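Everything below concerns the one structure shown next.
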Amino acid sequence: MKKKVKAKGKARPEGKARSRATAAGPAKRRKSGVKGRKAVPRAGAAKEPATSPRRSGAPSDAKLAVRRLRTQLARALERIEELQASADIDFLLDIPNRRGFERELHRSIAYIKRYHASGALIVLDVDRLKPINDAFGHAAGDQVLKAVVAELTRHVRSSDMLGRLGGDEFALLLWNLSETDAKAKAAALEQAVDRLTFSFRGRTVRAGASAGVAILGPQAEAGRALEQADSAMYVRKAQRRHEV
């Protein structure tokens with residue numbers, strides 16, 4: 001009779017072996033899947049700043065632009081001053097024109113009123129300029145005007161001012177003169193212009209001048225003073241016609 005041989009160890013149930021096998025399978029797959037997945041940053045972790053190109057030359061470029069604009073502005077202001085100055089100057093005689101003279105007259109009267117100073121305004125008209133222009137041309141007339149301006153300039157001080165009101169009419173602003181001294185000065189200016197002689201086409205001609213005076217005091221006004229001196233000049237011109 002054969003003996004039954006006992007198997008060493010206990011036989012495992014088939015169902016338990018399968019369950020362990022299936023449990024081990026998914027664990028391996030999860031492990032293999034983790035290797036191919038990208039790392040996700042944790043919440044609250046600091047992000048690295050994105051790199052941006054450097055602009056090392058920007059500040060220096062801005063400074064150069066500012067300097068260039070300042071230079072252009074300075075040149076523009078200088079040009080404006082030149083244009084304003086030229087607008088007040090007679091282009092032929094290089095003395096103040098009516099606009100420039102009246103502007104200075106207003107300033108001078110304001111100074112006289114504030115500091116109780118005194119002055120005189122002389123309006124002088126060149127005689128016989130139109131016949132010279134008609135006979136010898138405007139170039140000859142311009143020569144006469146330039147000679148008259150040079151003569152008047154020699155007989156006034158550097159603090160005084162000579163201007164051209166228009167055509168053959170001039171004005172002089174003289175400081176610190178009494179009415180008697182101003183009238184004597186006007187007569188001296190007439191005589192200085194009367195002595196001028198000119199030679200055109202072989203002929204010698206004279207021009208002459210007539211002057212009127214207005215005194216500038218604390219109550220003076222620019223427009224009124226010009227009217228007074230101009231009226232006195234026409235009275236003097238009529239007198240000179242009778243003297244000749």
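Following the order of the structure tokens, chains are lettered A, B, ..., residues in each are numbered from 1, and ligands are numbered from 1.
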
Per residue of range 198-229 of chain A within 12 Å of range 101-117 of chain A, what are the shortest atom pair and its distance in Å to one decimal, counting only C-alpha atoms, with rows by chain and residue number, as a Markdown table?
| residue | atom | partner | partner_atom | distance |
| --- | --- | --- | --- | --- |
| A:Ile215 | CA | A:Ile109 | CA | 10.8 |
| A:Leu216 | CA | A:Ile109 | CA | 7.1 |
| A:Gly217 | CA | A:Ile112 | CA | 6.5 |
| A:Pro218 | CA | A:Lys113 | CA | 4.5 |
| A:Gln219 | CA | A:Lys113 | CA | 7.3 |
| A:Ala220 | CA | A:Ile109 | CA | 6.8 |
| A:Glu221 | CA | A:Ile109 | CA | 7.1 |
| A:Ala222 | CA | A:His106 | CA | 5.8 |
| A:Gly223 | CA | A:Glu102 | CA | 8.6 |
| A:Arg224 | CA | A:His106 | CA | 11.3 |
| A:Ala225 | CA | A:Leu105 | CA | 9.6 |
| A:Leu226 | CA | A:Glu102 | CA | 9.1 |

### Atom-to-atom span, CA of Pro96 in chain A and CA of Leu73 in chain A, Å
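These atoms are spaced 27.7 Å apart.
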
### Task
For Ala207 in chain A, work out the shell of residues within 10 Å, counting only C-alpha atoms and skipping chain neighbours fewer than 3 positions away, then give it as number ranges by chain.
A: 126-132, 141, 144-145, 148, 193-198

Please dump the current selection as a short mmCIF file (atom, residue, chain, number, x, y, z; two decimals), in the first residue's frame; keep N, CA and C atoms.
data_model
loop_
_atom_site.label_atom_id
_atom_site.label_comp_id
_atom_site.auth_asym_id
_atom_site.auth_seq_id
_atom_site.Cartn_x
_atom_site.Cartn_y
_atom_site.Cartn_z
N VAL A 126 14.54 167.59 -43.23
CA VAL A 126 15.55 167.99 -44.21
C VAL A 126 14.87 168.80 -45.32
N ASP A 127 15.39 169.98 -45.56
CA ASP A 127 14.81 170.84 -46.60
C ASP A 127 15.37 170.47 -47.98
N ARG A 128 14.53 170.71 -48.99
CA ARG A 128 14.91 170.57 -50.40
C ARG A 128 15.41 169.16 -50.78
N LEU A 129 14.95 168.16 -50.07
CA LEU A 129 15.36 166.80 -50.44
C LEU A 129 14.59 166.31 -51.68
N LYS A 130 13.32 166.66 -51.77
CA LYS A 130 12.53 166.23 -52.93
C LYS A 130 13.10 166.78 -54.25
N PRO A 131 13.45 168.06 -54.35
CA PRO A 131 14.07 168.54 -55.60
C PRO A 131 15.37 167.81 -55.95
N ILE A 132 16.14 167.42 -54.92
CA ILE A 132 17.38 166.67 -55.19
C ILE A 132 17.05 165.30 -55.75
N GLY A 141 19.61 161.38 -53.22
CA GLY A 141 18.87 161.69 -52.00
C GLY A 141 19.34 160.85 -50.83
N VAL A 144 22.47 162.28 -49.43
CA VAL A 144 22.20 163.45 -48.59
C VAL A 144 21.74 163.01 -47.20
N LEU A 145 20.85 162.05 -47.13
CA LEU A 145 20.36 161.58 -45.84
C LEU A 145 21.48 160.99 -44.99
N VAL A 148 23.52 163.82 -43.59
CA VAL A 148 22.80 164.52 -42.53
C VAL A 148 22.87 163.74 -41.22
N VAL A 193 23.55 171.34 -40.58
CA VAL A 193 23.05 170.74 -41.81
C VAL A 193 23.12 171.75 -42.96
N ASP A 194 22.89 173.02 -42.66
CA ASP A 194 22.95 174.06 -43.71
C ASP A 194 24.34 174.15 -44.32
N ARG A 195 25.36 173.84 -43.56
CA ARG A 195 26.73 173.96 -44.08
C ARG A 195 27.13 172.81 -45.00
N LEU A 196 26.34 171.76 -45.03
CA LEU A 196 26.67 170.62 -45.89
C LEU A 196 26.47 171.00 -47.36
N THR A 197 27.44 170.59 -48.18
CA THR A 197 27.33 170.79 -49.64
C THR A 197 27.51 169.45 -50.34
N PHE A 198 26.85 169.32 -51.51
CA PHE A 198 26.91 168.07 -52.27
C PHE A 198 27.15 168.41 -53.74
#

### Task
Go through A:Met161, A:Ala135, A:Ala147, A:Ala62 and flag the residue nearest Gly208 in chain A, using only C-alpha atoms for the distances.
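So, comparing all the options, the nearest one is A:Ala147.
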
### Message
Please compute the CA of Leu64 in chain A-CA of Glu78 in chain A distance, one decimal, in Å.
### Response
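Interatomic distance here is 21.3 Å.
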
### Message
Could you tell me how far CA of Asp94 in chain A sits from CA of Gly212 in chain A, in Å to one decimal place?
### Response
23.1 Å

### Message
Need the shell around Arg99 in chain A: protein/DNA/RNA residues with any atom at most 10 Å away, counting only C-alpha atoms. Skip same-chain ones fewer than 4 positions apart. Format as a list in words?
### Response
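Contacts, in chain order: Ala87, Asp88, Ile89, Asp90, Arg103, Glu104, Leu105, Gly163, Arg164 and Leu165 of chain A.
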
Resulting file, chosen residues, C-alpha atoms, as an mmCIF file, in the first residue's frame:
data_model
loop_
_atom_site.group_PDB
_atom_site.id
_atom_site.type_symbol
_atom_site.label_atom_id
_atom_site.label_comp_id
_atom_site.auth_asym_id
_atom_site.auth_seq_id
_atom_site.Cartn_x
_atom_site.Cartn_y
_atom_site.Cartn_z
ATOM 1 C CA ALA A 87 12.562 145.521 -37.063
ATOM 2 C CA ASP A 88 13.432 148.648 -35.045
ATOM 3 C CA ILE A 89 16.352 149.791 -37.246
ATOM 4 C CA ASP A 90 16.258 151.808 -40.464
ATOM 5 C CA ARG A 103 9.559 152.648 -28.075
ATOM 6 C CA GLU A 104 12.641 154.327 -26.588
ATOM 7 C CA LEU A 105 10.730 157.585 -26.165
ATOM 8 C CA GLY A 163 16.004 158.197 -35.059
ATOM 9 C CA ARG A 164 14.307 158.425 -38.441
ATOM 10 C CA LEU A 165 10.567 159.004 -38.270
#

Please produce, as a Markdown table, a per-residue contact table for range 91-144 of chain A versus range 181-186 of chain A (criterion: any atom at most 10 Å away, only C-alpha atoms considered), showing the nearest atom pair and its distance in Å to one decimal, sorted by chain then residue number.
| residue | atom | partner | partner_atom | distance |
| --- | --- | --- | --- | --- |
| A:Gly119 | CA | A:Ala182 | CA | 8.6 |
| A:Ala120 | CA | A:Ala182 | CA | 6.3 |
| A:Leu121 | CA | A:Ala182 | CA | 8.2 |
| A:Ile122 | CA | A:Ala186 | CA | 6.8 |
| A:Val123 | CA | A:Ala186 | CA | 8.8 |
| A:Leu124 | CA | A:Ala186 | CA | 8.2 |

### Task
Step one, run DSSP on the backbone; step two, keep only residues of range 143-227 of chain A assigned to strand (DSSP E or B); then write them as a PyMOL selection string.
chain A and resi 161-166+169-175+197-200+203-206+209-216

### Message
Let's see if you can do this: from backbone DSSP, list all helix (DSSP H, G or I) residues in range 109-238 of chain A, as a PyMOL selection string.
### Response
chain A and resi 109-115+129-136+138-154+179-194+222-238

### Query
Which one is closest to Asp142 in chain A: A:Ala171, A:Leu162, A:Leu92, A:Val156? Count only C-alpha atoms.
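The closest residue to Asp142 in chain A is A:Leu92.
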